[in-house]
$ cat coords.json   # JSON, C-alpha atoms
[["chain", "number", "residue", "atom", "x", "y", "z"],
["A", 1, "MET", "CA", -38.85, 25.39, -8.86],
["A", 2, "THR", "CA", -37.81, 22.13, -7.19],
["A", 3, "GLU", "CA", -34.79, 21.91, -4.99],
["A", 4, "VAL", "CA", -32.07, 19.45, -5.98],
["A", 5, "PRO", "CA", -31.17, 17.28, -2.99],
["A", 6, "MET", "CA", -27.56, 17.52, -1.92],
["A", 7, "PRO", "CA", -25.60, 14.28, -1.88],
["A", 8, "PRO", "CA", -24.76, 13.12, 1.62],
["A", 9, "SER", "CA", -21.46, 14.49, 2.81],
["A", 10, "PRO", "CA", -18.75, 11.90, 3.23],
["A", 11, "SER", "CA", -18.16, 10.80, 6.78],
["A", 12, "LEU", "CA", -15.12, 11.84, 8.73],
["A", 13, "TRP", "CA", -13.81, 8.27, 8.33],
["A", 14, "ARG", "CA", -14.13, 8.42, 4.53],
["A", 15, "ARG", "CA", -12.46, 11.81, 4.37],
["A", 16, "GLY", "CA", -9.66, 10.47, 6.55],
["A", 17, "THR", "CA", -9.06, 7.39, 4.41],
["A", 18, "ALA", "CA", -9.22, 9.51, 1.26],
["A", 19, "ALA", "CA", -6.62, 11.91, 2.70],
["A", 20, "TYR", "CA", -4.43, 8.95, 3.74],
["A", 21, "ALA", "CA", -4.72, 7.51, 0.21],
["A", 22, "LYS", "CA", -3.70, 10.87, -1.26],
["A", 23, "LEU", "CA", -0.70, 10.99, 1.10],
["A", 24, "LEU", "CA", 0.28, 7.48, -0.02],
["A", 25, "GLU", "CA", 0.09, 8.56, -3.67],
["A", 26, "ILE", "CA", 2.37, 11.53, -2.95],
["A", 27, "LEU", "CA", 4.80, 9.30, -1.02],
["A", 28, "LEU", "CA", 4.79, 6.78, -3.86],
["A", 29, "ALA", "CA", 5.69, 9.46, -6.40],
["A", 30, "ALA", "CA", 8.39, 10.80, -4.06],
["A", 31, "CYS", "CA", 9.88, 7.32, -3.53],
["A", 32, "VAL", "CA", 10.04, 6.68, -7.26],
["A", 33, "GLY", "CA", 11.54, 10.12, -7.90],
["A", 34, "ILE", "CA", 14.12, 9.81, -5.15],
["A", 35, "LEU", "CA", 14.94, 6.21, -6.16],
["A", 36, "VAL", "CA", 16.39, 7.55, -9.40],
["A", 37, "ILE", "CA", 19.24, 9.29, -7.51],
["A", 38, "PRO", "CA", 20.92, 6.33, -5.75],
["A", 39, "VAL", "CA", 20.34, 4.05, -8.74],
["A", 40, "THR", "CA", 21.96, 6.58, -11.08],
["A", 41, "LEU", "CA", 24.89, 7.01, -8.70],
["A", 42, "GLN", "CA", 25.28, 3.22, -8.50],
["A", 43, "ILE", "CA", 25.37, 2.95, -12.29],
["A", 44, "ILE", "CA", 27.94, 5.73, -12.53],
["A", 45, "SER", "CA", 30.05, 4.07, -9.86],
["A", 46, "ARG", "CA", 30.16, 0.82, -11.84],
["A", 47, "TYR", "CA", 31.56, 2.41, -14.99],
["A", 48, "THR", "CA", 33.69, 5.30, -13.74],
["A", 49, "PRO", "CA", 36.16, 5.83, -10.93],
["A", 50, "LEU", "CA", 34.38, 9.07, -9.92],
["A", 51, "ILE", "CA", 32.31, 7.45, -7.19],
["A", 52, "PRO", "CA", 33.45, 4.49, -5.08],
["A", 53, "SER", "CA", 31.22, 1.47, -5.70],
["A", 54, "TYR", "CA", 30.86, 0.67, -1.99],
["A", 55, "ILE", "CA", 28.97, 3.81, -1.01],
["A", 56, "TRP", "CA", 25.49, 3.88, 0.49],
["A", 57, "THR", "CA", 23.66, 3.91, -2.86],
["A", 58, "GLU", "CA", 22.83, 0.20, -3.01],
["A", 59, "GLU", "CA", 21.32, 0.14, 0.49],
["A", 60, "MET", "CA", 19.38, 3.35, -0.04],
["A", 61, "ALA", "CA", 18.02, 2.04, -3.35],
["A", 62, "ARG", "CA", 16.94, -1.19, -1.64],
["A", 63, "PHE", "CA", 15.17, 0.70, 1.18],
["A", 64, "LEU", "CA", 13.36, 2.96, -1.30],
["A", 65, "PHE", "CA", 12.48, 0.05, -3.57],
["A", 66, "VAL", "CA", 10.87, -1.92, -0.72],
["A", 67, "TRP", "CA", 8.86, 1.12, 0.38],
["A", 68, "THR", "CA", 7.87, 1.84, -3.24],
["A", 69, "ILE", "CA", 6.51, -1.69, -3.61],
["A", 70, "MET", "CA", 4.65, -1.61, -0.30],
["A", 71, "ILE", "CA", 3.15, 1.84, -0.85],
["A", 72, "GLY", "CA", 2.18, 0.81, -4.38],
["A", 73, "ALA", "CA", 0.44, -2.27, -2.97],
["A", 74, "MET", "CA", -1.42, -0.09, -0.45],
["A", 75, "VAL", "CA", -2.60, 2.26, -3.22],
["A", 76, "GLY", "CA", -3.51, -0.76, -5.35],
["A", 77, "ILE", "CA", -5.78, -2.12, -2.61],
["A", 78, "ARG", "CA", -7.43, 1.28, -2.20],
["A", 79, "GLU", "CA", -8.14, 1.52, -5.92],
["A", 80, "SER", "CA", -9.21, -2.16, -6.17],
["A", 81, "GLN", "CA", -6.45, -2.78, -8.69],
["A", 82, "HIS", "CA", -4.37, -5.17, -6.61],
["A", 83, "PHE", "CA", -5.10, -8.87, -6.13],
["A", 84, "GLU", "CA", -8.16, -8.73, -8.36],
["A", 85, "VAL", "CA", -8.81, -10.74, -11.50],
["A", 86, "ASP", "CA", -12.11, -10.81, -13.39],
["A", 87, "VAL", "CA", -12.86, -14.47, -14.13],
["A", 88, "TRP", "CA", -16.63, -14.62, -13.57],
["A", 89, "PRO", "CA", -19.18, -14.12, -16.32],
["A", 90, "ASP", "CA", -21.57, -11.22, -16.06],
["A", 91, "LEU", "CA", -23.23, -11.44, -12.66],
["A", 92, "SER", "CA", -25.97, -9.49, -10.98],
["A", 93, "ARG", "CA", -24.91, -6.52, -8.88],
["A", 94, "ARG", "CA", -25.46, -8.45, -5.63],
["A", 95, "SER", "CA", -23.61, -11.54, -6.87],
["A", 96, "GLU", "CA", -20.70, -9.39, -7.99],
["A", 97, "ALA", "CA", -20.62, -7.77, -4.57],
["A", 98, "MET", "CA", -20.52, -11.18, -2.88],
["A", 99, "VAL", "CA", -17.63, -12.30, -5.10],
["A", 100, "ARG", "CA", -15.74, -9.09, -4.30],
["A", 101, "ILE", "CA", -16.37, -9.62, -0.58],
["A", 102, "LEU", "CA", -14.84, -13.10, -0.81],
["A", 103, "ALA", "CA", -11.84, -11.71, -2.67],
["A", 104, "ARG", "CA", -11.39, -8.96, -0.10],
["A", 105, "ILE", "CA", -11.60, -11.47, 2.73],
["A", 106, "GLY", "CA", -8.56, -13.10, 1.10],
["A", 107, "VAL", "CA", -6.84, -9.71, 1.11],
["A", 108, "LEU", "CA", -7.76, -9.30, 4.80],
["A", 109, "ALA", "CA", -6.27, -12.71, 5.59],
["A", 110, "MET", "CA", -3.02, -11.73, 3.88],
["A", 111, "ALA", "CA", -3.10, -8.36, 5.66],
["A", 112, "VAL", "CA", -3.35, -10.07, 9.04],
["A", 113, "VAL", "CA", -0.31, -12.19, 8.14],
["A", 114, "PHE", "CA", 1.58, -9.04, 7.14],
["A", 115, "VAL", "CA", 0.71, -7.33, 10.43],
["A", 116, "TRP", "CA", 1.43, -10.31, 12.65],
["A", 117, "ALA", "CA", 4.63, -11.47, 10.94],
["A", 118, "GLY", "CA", 5.65, -7.89, 10.14],
["A", 119, "LEU", "CA", 5.60, -6.91, 13.80],
["A", 120, "GLU", "CA", 7.89, -9.83, 14.61],
["A", 121, "PHE", "CA", 10.04, -8.95, 11.60],
["A", 122, "THR", "CA", 10.31, -5.35, 12.81],
["A", 123, "ARG", "CA", 11.03, -6.41, 16.40],
["A", 124, "PHE", "CA", 13.86, -8.61, 15.13],
["A", 125, "ALA", "CA", 15.42, -5.64, 13.30],
["A", 126, "TRP", "CA", 14.77, -3.03, 15.99],
["A", 127, "ASN", "CA", 18.35, -2.69, 17.28],
["A", 128, "ARG", "CA", 20.15, -3.57, 14.06],
["A", 129, "THR", "CA", 21.63, -1.29, 11.41],
["A", 130, "SER", "CA", 22.53, -1.72, 7.77],
["A", 131, "GLU", "CA", 26.14, -2.49, 6.94],
["A", 132, "LEU", "CA", 27.22, 0.42, 4.79],
["A", 133, "ALA", "CA", 24.92, 3.34, 5.49],
["A", 134, "ASP", "CA", 24.38, 2.45, 9.15],
["A", 135, "LEU", "CA", 20.63, 3.03, 8.72],
["A", 136, "PRO", "CA", 18.28, 1.46, 11.28],
["A", 137, "LEU", "CA", 16.85, -1.70, 9.73],
["A", 138, "TRP", "CA", 13.48, -1.27, 11.44],
["A", 139, "MET", "CA", 12.85, 1.55, 8.94],
["A", 140, "ILE", "CA", 12.63, -0.98, 6.14],
["A", 141, "HIS", "CA", 11.03, -3.80, 8.14],
["A", 142, "VAL", "CA", 8.16, -1.66, 9.43],
["A", 143, "ALA", "CA", 6.85, -1.44, 5.85],
["A", 144, "TRP", "CA", 5.23, -4.88, 6.27],
["A", 145, "PRO", "CA", 2.99, -4.15, 9.27],
["A", 146, "VAL", "CA", 2.19, -0.67, 7.92],
["A", 147, "ALA", "CA", 1.08, -2.24, 4.64],
["A", 148, "GLY", "CA", -0.98, -4.84, 6.49],
["A", 149, "VAL", "CA", -2.81, -2.29, 8.64],
["A", 150, "THR", "CA", -3.45, -0.13, 5.59],
["A", 151, "TRP", "CA", -4.85, -3.10, 3.66],
["A", 152, "ILE", "CA", -7.16, -3.88, 6.59],
["A", 153, "VAL", "CA", -8.46, -0.31, 6.59],
["A", 154, "PHE", "CA", -8.96, -0.07, 2.83],
["A", 155, "ALA", "CA", -10.32, -3.61, 2.31],
["A", 156, "GLY", "CA", -12.57, -3.23, 5.35],
["A", 157, "GLU", "CA", -14.00, -0.05, 3.90],
["A", 158, "GLN", "CA", -14.63, -1.82, 0.59],
["A", 159, "ILE", "CA", -16.25, -4.82, 2.31],
["A", 160, "PHE", "CA", -18.57, -2.41, 4.11],
["A", 161, "ASP", "CA", -19.56, -0.88, 0.76],
["A", 162, "GLU", "CA", -20.13, -4.29, -0.82],
["A", 163, "MET", "CA", -22.22, -5.44, 2.17],
["A", 164, "ARG", "CA", -24.52, -2.46, 1.61],
["A", 165, "ILE", "CA", -25.08, -3.72, -1.94],
["A", 166, "VAL", "CA", -25.69, -7.30, -0.78],
["A", 167, "LEU", "CA", -28.17, -6.12, 1.84],
["A", 168, "GLY", "CA", -29.98, -4.00, -0.74],
["A", 169, "ALA", "CA", -29.10, -0.48, 0.39],
["A", 170, "LYS", "CA", -29.76, 2.28, -2.10],
["A", 171, "SER", "CA", -26.71, 3.92, -3.67]]
$ encode --input "coords.json" --output "structure tokens"
Amino acid sequence: MTEVPMPPSPSLWRRGTAAYAKLLEILLAACVGILVIPVTLQIISRYTPLIPSYIWTEEMARFLFVWTIMIGAMVGIRESQHFEVDVWPDLSRRSEAMVRILARIGVLAMAVVFVWAGLEFTRFAWNRTSELADLPLWMIHVAWPVAGVTWIVFAGEQIFDEMRIVLGAKS
């Protein structure tokens, strides 16, 4: 009887990024679920006198909406579903990997802009608060550098995988 070789166990780094991606998916679902509450209250406040229209719902919905978009973009990068369009004809495995590396370098460039400008954006909002809910504005502004760092991690991991294909490593 021959022994079946065990697949290599994922590295600690891969397990960490997989756990982070799972956390992002949970946070994304939570943001969308929670977003329903302030939006519903805002709609009710427009058509009935039950709730004053100037309450915190609009600001809270905006905060959650920004985070929903940013977390969705992070998950999209992880799953290679964001910023990717198939326009090339059928290519060899290595050529496809090279095209994906070029595309991911574009993602990395955008990620660096998000980190660099996002840190300045967050610094600008550090001691400011929102008008109605008096929430610290850095909580919404920090979404940009967090997204940028996350894109760097996920796109970097994917570039590493594609480089293995280009260099001829076995799967």
$ closest_residue --input "coords.json" --among "A:Asp134, A:Arg100, A:Phe124, A:Val149" --to "Trp88 in chain A" --atoms "all atoms listed in the file"
A:Arg100
$ residues_around --input "coords.json" --residues "Ile55 in chain A" --least-positions-apart "6" --cutoff "9 Å" --atoms "all atoms listed in the file" --output "compact mmCIF listing (two decimals) with C-alpha atoms, in the frame of the given file"
# COMPACT_ATOMS: atom_id res chain seq x y z
CA GLN A 42 25.28 3.22 -8.50
CA SER A 45 30.05 4.07 -9.86
CA LEU A 132 27.22 0.42 4.79
CA ALA A 133 24.92 3.34 5.49
$ closest_atom_pairs --input "coords.json" --of "range 34-96 of chain A" --to "range 9-30 of chain A" --cutoff "12 Å" --atoms "all atoms listed in the file" --output "Markdown table"
| residue | atom | partner | partner_atom | distance |
| --- | --- | --- | --- | --- |
| A:Ile34 | CA | A:Ala30 | CA | 5.9 |
| A:Leu35 | CA | A:Ala30 | CA | 8.3 |
| A:Val36 | CA | A:Ala30 | CA | 10.2 |
| A:Ile37 | CA | A:Ala30 | CA | 11.5 |
| A:Leu64 | CA | A:Ala30 | CA | 9.7 |
| A:Phe65 | CA | A:Leu28 | CA | 10.2 |
| A:Val66 | CA | A:Leu28 | CA | 11.1 |
| A:Trp67 | CA | A:Leu28 | CA | 8.2 |
| A:Thr68 | CA | A:Leu28 | CA | 5.9 |
| A:Ile69 | CA | A:Leu28 | CA | 8.6 |
| A:Met70 | CA | A:Leu28 | CA | 9.1 |
| A:Ile71 | CA | A:Leu28 | CA | 6.0 |
| A:Gly72 | CA | A:Leu28 | CA | 6.5 |
| A:Ala73 | CA | A:Leu28 | CA | 10.1 |
| A:Met74 | CA | A:Leu24 | CA | 7.8 |
| A:Val75 | CA | A:Ala21 | CA | 6.6 |
| A:Gly76 | CA | A:Ala21 | CA | 10.0 |
| A:Ile77 | CA | A:Ala21 | CA | 10.1 |
| A:Arg78 | CA | A:Ala21 | CA | 7.2 |
| A:Glu79 | CA | A:Ala21 | CA | 9.2 |
$ atom_distance --input "coords.json" --atom1 "CA of Leu119 in chain A" --atom2 "CA of Ala155 in chain A"
19.9 Å
$ closest_atom_pairs --input "coords.json" --of "range 41-110 of chain A" --to "range 126-131 of chain A" --cutoff "10 Å" --atoms "only C-alpha atoms" --output "CSV"
residue,atom,partner,partner_atom,distance
A:Trp56,CA,A:Glu131,CA,9.1
A:Glu59,CA,A:Ser130,CA,7.6
A:Met60,CA,A:Ser130,CA,9.8
$ write_last_selection --input "coords.json" --atoms "C-alpha atoms" --output "PDB file, keeping the file's coordinate frame"
ATOM      1  CA  TRP A  56      25.490   3.880   0.490  1.00  0.00           C
ATOM      2  CA  GLU A  59      21.320   0.140   0.490  1.00  0.00           C
ATOM      3  CA  MET A  60      19.380   3.350  -0.040  1.00  0.00           C
TER       4      MET A  60
END
$ atom_distance --input "coords.json" --atom1 "CA of Val142 in chain A" --atom2 "CA of Arg62 in chain A"
14.1 Å
$ atom_distance --input "coords.json" --atom1 "CA of Glu96 in chain A" --atom2 "CA of Ala111 in chain A"
22.3 Å
$ closest_residue --input "coords.json" --among "A:Ala97, A:Val115, A:Leu102, A:Leu91" --to "Glu162 in chain A" --atoms "all atoms listed in the file"
A:Ala97
$ residues_around --input "coords.json" --residues "Met163 in chain A" --least-positions-apart "6" --cutoff "9 Å" --atoms "all atoms listed in the file" --output "PDB file with C-alpha atoms, keeping the file's coordinate frame"
ATOM      1  CA  ARG A  94     -25.460  -8.450  -5.630  1.00  0.00           C
ATOM      2  CA  ALA A  97     -20.620  -7.770  -4.570  1.00  0.00           C
ATOM      3  CA  MET A  98     -20.520 -11.180  -2.880  1.00  0.00           C
ATOM      4  CA  ILE A 101     -16.370  -9.620  -0.580  1.00  0.00           C
ATOM      5  CA  ALA A 169     -29.100  -0.480   0.390  1.00  0.00           C
TER       6      ALA A 169
END
